[in-house]
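Below: protein.csv (CSV, C-alpha atoms)
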```csv
chain,number,residue,atom,x,y,z
Q,1,MET,CA,-10.7,-17.4,-13.8
Q,2,ALA,CA,-10.5,-19.5,-10.7
Q,3,ASP,CA,-6.7,-19.3,-10.9
Q,4,ALA,CA,-6.9,-15.5,-10.8
Q,5,LYS,CA,-9.2,-15.5,-7.8
Q,6,THR,CA,-6.8,-17.8,-5.9
Q,7,GLN,CA,-3.9,-15.6,-6.8
Q,8,PHE,CA,-5.9,-12.5,-5.6
Q,9,GLU,CA,-6.8,-14.3,-2.4
Q,10,SER,CA,-3.2,-15.3,-1.7
Q,11,VAL,CA,-2.0,-11.7,-2.3
Q,12,ARG,CA,-4.8,-10.4,0.0
Q,13,LYS,CA,-3.9,-12.9,2.7
Q,14,TRP,CA,-0.2,-11.9,2.5
Q,15,VAL,CA,-1.1,-8.2,2.7
Q,16,VAL,CA,-3.3,-8.9,5.8
Q,17,GLU,CA,-0.5,-10.7,7.5
Q,18,HIS,CA,2.2,-8.2,6.6
Q,19,LYS,CA,0.5,-4.7,6.7
Q,20,LEU,CA,3.4,-2.7,7.9
Q,21,ARG,CA,5.9,-4.4,5.6
Q,22,THR,CA,3.5,-3.6,2.7
Q,23,VAL,CA,3.2,0.0,3.6
Q,24,GLY,CA,7.0,0.3,4.2
Q,25,CYS,CA,7.8,-1.2,0.8
Q,26,LEU,CA,5.4,1.1,-0.9
Q,27,TRP,CA,6.9,4.1,0.9
Q,28,LEU,CA,10.4,3.0,-0.1
Q,29,SER,CA,9.5,2.5,-3.7
Q,30,GLY,CA,7.6,5.8,-3.7
Q,31,ILE,CA,10.5,7.8,-2.4
Q,32,THR,CA,13.0,6.0,-4.7
Q,33,GLY,CA,10.8,6.7,-7.8
Q,34,SER,CA,10.2,10.3,-6.8
Q,35,ILE,CA,13.9,10.9,-6.2
Q,36,ALA,CA,14.7,9.3,-9.6
Q,37,TYR,CA,12.1,11.5,-11.3
Q,38,ASN,CA,13.2,14.7,-9.6
Q,39,TRP,CA,16.8,14.1,-10.3
Q,40,SER,CA,16.0,14.1,-14.1
Q,41,ARG,CA,14.8,17.7,-13.7
Q,42,PRO,CA,17.9,19.9,-13.8
Q,43,ASN,CA,16.3,23.2,-12.9
Q,44,MET,CA,15.6,22.4,-9.3
Q,45,LYS,CA,17.8,22.7,-6.2
Q,46,THR,CA,18.8,19.5,-4.4
Q,47,SER,CA,16.8,20.5,-1.3
Q,48,VAL,CA,13.7,21.1,-3.3
Q,49,LYS,CA,14.1,17.7,-5.0
Q,50,ILE,CA,14.4,16.0,-1.6
Q,51,ILE,CA,11.4,17.8,-0.2
Q,52,HIS,CA,9.3,16.9,-3.3
Q,53,ALA,CA,10.3,13.2,-2.9
Q,54,ARG,CA,9.3,13.2,0.7
Q,55,LEU,CA,5.9,14.8,0.0
Q,56,HIS,CA,5.2,12.3,-2.8
Q,57,ALA,CA,6.2,9.4,-0.5
Q,58,GLN,CA,4.0,10.7,2.2
Q,59,ALA,CA,1.0,10.8,-0.1
Q,60,LEU,CA,1.7,7.3,-1.3
Q,61,THR,CA,2.0,6.2,2.3
Q,62,LEU,CA,-1.4,7.7,3.2
Q,63,ALA,CA,-2.9,5.9,0.2
Q,64,ALA,CA,-1.3,2.6,1.3
Q,65,LEU,CA,-2.6,3.0,4.8
Q,66,ALA,CA,-6.1,3.7,3.5
Q,67,GLY,CA,-5.8,0.6,1.3
Q,68,ALA,CA,-4.7,-1.4,4.3
Q,69,ALA,CA,-7.7,-0.2,6.2
Q,70,VAL,CA,-10.0,-1.2,3.3
Q,71,VAL,CA,-8.4,-4.7,3.2
Q,72,GLU,CA,-8.8,-5.0,7.0
Q,73,TYR,CA,-12.4,-3.9,6.8
Q,74,TYR,CA,-13.1,-6.4,4.0
Q,75,ASP,CA,-11.4,-9.2,5.9
Q,76,HIS,CA,-13.3,-8.4,9.1
Q,77,LYS,CA,-16.6,-8.3,7.1
Q,78,MET,CA,-16.0,-11.6,5.4
Q,79,SER,CA,-15.0,-13.3,8.6
Q,80,ASP,CA,-18.3,-12.1,10.2
Q,81,LYS,CA,-20.3,-13.4,7.3
Q,82,ALA,CA,-18.5,-16.8,7.5
Q,83,ALA,CA,-19.3,-17.0,11.3
Q,84,GLU,CA,-23.0,-16.2,10.7
Q,85,GLN,CA,-23.2,-19.0,8.0
Q,86,ARG,CA,-21.8,-21.5,10.4
Q,87,ARG,CA,-24.6,-20.9,12.9
```
Final structure tokens representation of the file:
Amino acid sequence: MADAKTQFESVRKWVVEHKLRTVGCLWLSGITGSIAYNWSRPNMKTSVKIIHARLHAQALTLAALAGAAVVEYYDHKMSDKAAEQRR
């Protein structure tokens, strides 16, 4: 259990330090996955496939930005609690 917590903490620390890289990687994987999914559907025009991929990637990016905001809030809140305990 302690190993899982340290792994979570190390991932959280990396996300806090590399917010834009995290969001960019999620966007890239989202658009890649969406294009791959849409390409398997033969009844759609290419322009519609690209538009759908862009919309899916935008939704994933908004979710990633919201997640980054939650991580930032959590990190700020925890640092405030640590500062109060030191007093």
Discussion item. Set the distance at 6 Å and use only C-alpha atoms: which residues neighbour range 44-59 of chain Q once local chain neighbours fewer than 4 positions away are removed? I'd like the list as a count of residues only.
Written reply: 6
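Take CA of Leu60 in chain Q and CA of Asp75 in chain Q: the distance between them is 22.3 Å.
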Worksheet entry | Test item: residues at most 12 Å from range 63-67 of chain Q, only C-alpha atoms, excluding those fewer than 6 positions along its chain, as a PyMOL selection string | chain Q and resi 12+15-16+19-30+56-57+73-74
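CA of Lys13 in chain Q is found 12.2 Å from CA of His76 in chain Q.
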Worksheet item: Please, what distance in Å, to one decimal, runs between CA of Ala69 in chain Q and CA of Lys5 in chain Q?
Response: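 Computing the Euclidean distance for CA of Ala69 in chain Q and CA of Lys5 in chain Q yields 20.8 Å.
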What would range 26-56 of chain Q look like with N, CA and C atoms in place, written as a PDB file, in the coordinates of the input?
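Contents of result_34.pdb, freshly written:
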```pdb
ATOM      1  N   LEU Q  26       5.940   0.126  -0.022  1.00  0.00           N
ATOM      2  CA  LEU Q  26       5.400   1.100  -0.900  1.00  0.00           C
ATOM      3  C   LEU Q  26       5.998   2.509  -0.654  1.00  0.00           C
ATOM      4  N   TRP Q  27       6.261   2.838   0.616  1.00  0.00           N
ATOM      5  CA  TRP Q  27       6.900   4.100   0.900  1.00  0.00           C
ATOM      6  C   TRP Q  27       8.316   4.144   0.302  1.00  0.00           C
ATOM      7  N   LEU Q  28       9.078   3.074   0.468  1.00  0.00           N
ATOM      8  CA  LEU Q  28      10.400   3.000  -0.100  1.00  0.00           C
ATOM      9  C   LEU Q  28      10.426   3.128  -1.594  1.00  0.00           C
ATOM     10  N   SER Q  29       9.535   2.411  -2.243  1.00  0.00           N
ATOM     11  CA  SER Q  29       9.500   2.500  -3.700  1.00  0.00           C
ATOM     12  C   SER Q  29       8.989   3.867  -4.151  1.00  0.00           C
ATOM     13  N   GLY Q  30       8.090   4.475  -3.390  1.00  0.00           N
ATOM     14  CA  GLY Q  30       7.600   5.800  -3.700  1.00  0.00           C
ATOM     15  C   GLY Q  30       8.692   6.860  -3.628  1.00  0.00           C
ATOM     16  N   ILE Q  31       9.454   6.825  -2.549  1.00  0.00           N
ATOM     17  CA  ILE Q  31      10.500   7.800  -2.400  1.00  0.00           C
ATOM     18  C   ILE Q  31      11.633   7.602  -3.392  1.00  0.00           C
ATOM     19  N   THR Q  32      11.933   6.336  -3.699  1.00  0.00           N
ATOM     20  CA  THR Q  32      13.000   6.000  -4.700  1.00  0.00           C
ATOM     21  C   THR Q  32      12.544   6.511  -6.072  1.00  0.00           C
ATOM     22  N   GLY Q  33      11.325   6.219  -6.452  1.00  0.00           N
ATOM     23  CA  GLY Q  33      10.800   6.700  -7.800  1.00  0.00           C
ATOM     24  C   GLY Q  33      10.740   8.170  -7.851  1.00  0.00           C
ATOM     25  N   SER Q  34      10.323   8.818  -6.785  1.00  0.00           N
ATOM     26  CA  SER Q  34      10.200  10.300  -6.800  1.00  0.00           C
ATOM     27  C   SER Q  34      11.587  10.934  -6.877  1.00  0.00           C
ATOM     28  N   ILE Q  35      12.567  10.400  -6.145  1.00  0.00           N
ATOM     29  CA  ILE Q  35      13.900  10.900  -6.200  1.00  0.00           C
ATOM     30  C   ILE Q  35      14.478  10.749  -7.641  1.00  0.00           C
ATOM     31  N   ALA Q  36      14.251   9.575  -8.217  1.00  0.00           N
ATOM     32  CA  ALA Q  36      14.700   9.300  -9.600  1.00  0.00           C
ATOM     33  C   ALA Q  36      14.083  10.280 -10.573  1.00  0.00           C
ATOM     34  N   TYR Q  37      12.793  10.527 -10.413  1.00  0.00           N
ATOM     35  CA  TYR Q  37      12.100  11.500 -11.300  1.00  0.00           C
ATOM     36  C   TYR Q  37      12.616  12.883 -11.107  1.00  0.00           C
ATOM     37  N   ASN Q  38      12.736  13.305  -9.860  1.00  0.00           N
ATOM     38  CA  ASN Q  38      13.200  14.700  -9.600  1.00  0.00           C
ATOM     39  C   ASN Q  38      14.607  14.920 -10.002  1.00  0.00           C
ATOM     40  N   TRP Q  39      15.443  13.897  -9.939  1.00  0.00           N
ATOM     41  CA  TRP Q  39      16.800  14.100 -10.300  1.00  0.00           C
ATOM     42  C   TRP Q  39      16.984  14.284 -11.840  1.00  0.00           C
ATOM     43  N   SER Q  40      15.970  13.878 -12.604  1.00  0.00           N
ATOM     44  CA  SER Q  40      16.000  14.100 -14.100  1.00  0.00           C
ATOM     45  C   SER Q  40      15.627  15.514 -14.425  1.00  0.00           C
ATOM     46  N   ARG Q  41      15.206  16.289 -13.465  1.00  0.00           N
ATOM     47  CA  ARG Q  41      14.800  17.700 -13.700  1.00  0.00           C
ATOM     48  C   ARG Q  41      15.956  18.588 -13.240  1.00  0.00           C
ATOM     49  N   PRO Q  42      16.708  19.165 -14.170  1.00  0.00           N
ATOM     50  CA  PRO Q  42      17.900  19.900 -13.800  1.00  0.00           C
ATOM     51  C   PRO Q  42      17.712  21.279 -13.207  1.00  0.00           C
ATOM     52  N   ASN Q  43      16.554  21.849 -13.331  1.00  0.00           N
ATOM     53  CA  ASN Q  43      16.300  23.200 -12.900  1.00  0.00           C
ATOM     54  C   ASN Q  43      15.926  23.378 -11.449  1.00  0.00           C
ATOM     55  N   MET Q  44      16.019  22.317 -10.656  1.00  0.00           N
ATOM     56  CA  MET Q  44      15.600  22.400  -9.300  1.00  0.00           C
ATOM     57  C   MET Q  44      16.812  22.212  -8.350  1.00  0.00           C
ATOM     58  N   LYS Q  45      16.765  22.913  -7.213  1.00  0.00           N
ATOM     59  CA  LYS Q  45      17.800  22.700  -6.200  1.00  0.00           C
ATOM     60  C   LYS Q  45      17.666  21.353  -5.568  1.00  0.00           C
ATOM     61  N   THR Q  46      18.769  20.837  -5.033  1.00  0.00           N
ATOM     62  CA  THR Q  46      18.800  19.500  -4.400  1.00  0.00           C
ATOM     63  C   THR Q  46      17.798  19.457  -3.231  1.00  0.00           C
ATOM     64  N   SER Q  47      17.752  20.516  -2.429  1.00  0.00           N
ATOM     65  CA  SER Q  47      16.800  20.500  -1.300  1.00  0.00           C
ATOM     66  C   SER Q  47      15.389  20.437  -1.709  1.00  0.00           C
ATOM     67  N   VAL Q  48      15.049  21.090  -2.800  1.00  0.00           N
ATOM     68  CA  VAL Q  48      13.700  21.100  -3.300  1.00  0.00           C
ATOM     69  C   VAL Q  48      13.347  19.669  -3.843  1.00  0.00           C
ATOM     70  N   LYS Q  49      14.322  19.034  -4.491  1.00  0.00           N
ATOM     71  CA  LYS Q  49      14.100  17.700  -5.000  1.00  0.00           C
ATOM     72  C   LYS Q  49      13.820  16.718  -3.849  1.00  0.00           C
ATOM     73  N   ILE Q  50      14.558  16.845  -2.760  1.00  0.00           N
ATOM     74  CA  ILE Q  50      14.400  16.000  -1.600  1.00  0.00           C
ATOM     75  C   ILE Q  50      13.017  16.220  -0.937  1.00  0.00           C
ATOM     76  N   ILE Q  51      12.641  17.496  -0.824  1.00  0.00           N
ATOM     77  CA  ILE Q  51      11.400  17.800  -0.200  1.00  0.00           C
ATOM     78  C   ILE Q  51      10.210  17.286  -1.065  1.00  0.00           C
ATOM     79  N   HIS Q  52      10.303  17.415  -2.383  1.00  0.00           N
ATOM     80  CA  HIS Q  52       9.300  16.900  -3.300  1.00  0.00           C
ATOM     81  C   HIS Q  52       9.177  15.358  -3.146  1.00  0.00           C
ATOM     82  N   ALA Q  53      10.313  14.708  -3.078  1.00  0.00           N
ATOM     83  CA  ALA Q  53      10.300  13.200  -2.900  1.00  0.00           C
ATOM     84  C   ALA Q  53       9.653  12.835  -1.630  1.00  0.00           C
ATOM     85  N   ARG Q  54       9.925  13.548  -0.562  1.00  0.00           N
ATOM     86  CA  ARG Q  54       9.300  13.200   0.700  1.00  0.00           C
ATOM     87  C   ARG Q  54       7.804  13.440   0.689  1.00  0.00           C
ATOM     88  N   LEU Q  55       7.361  14.521   0.055  1.00  0.00           N
ATOM     89  CA  LEU Q  55       5.900  14.800   0.000  1.00  0.00           C
ATOM     90  C   LEU Q  55       5.216  13.703  -0.872  1.00  0.00           C
ATOM     91  N   HIS Q  56       5.833  13.311  -1.977  1.00  0.00           N
ATOM     92  CA  HIS Q  56       5.200  12.300  -2.800  1.00  0.00           C
ATOM     93  C   HIS Q  56       5.165  10.945  -2.023  1.00  0.00           C
TER      94      HIS Q  56
END
```
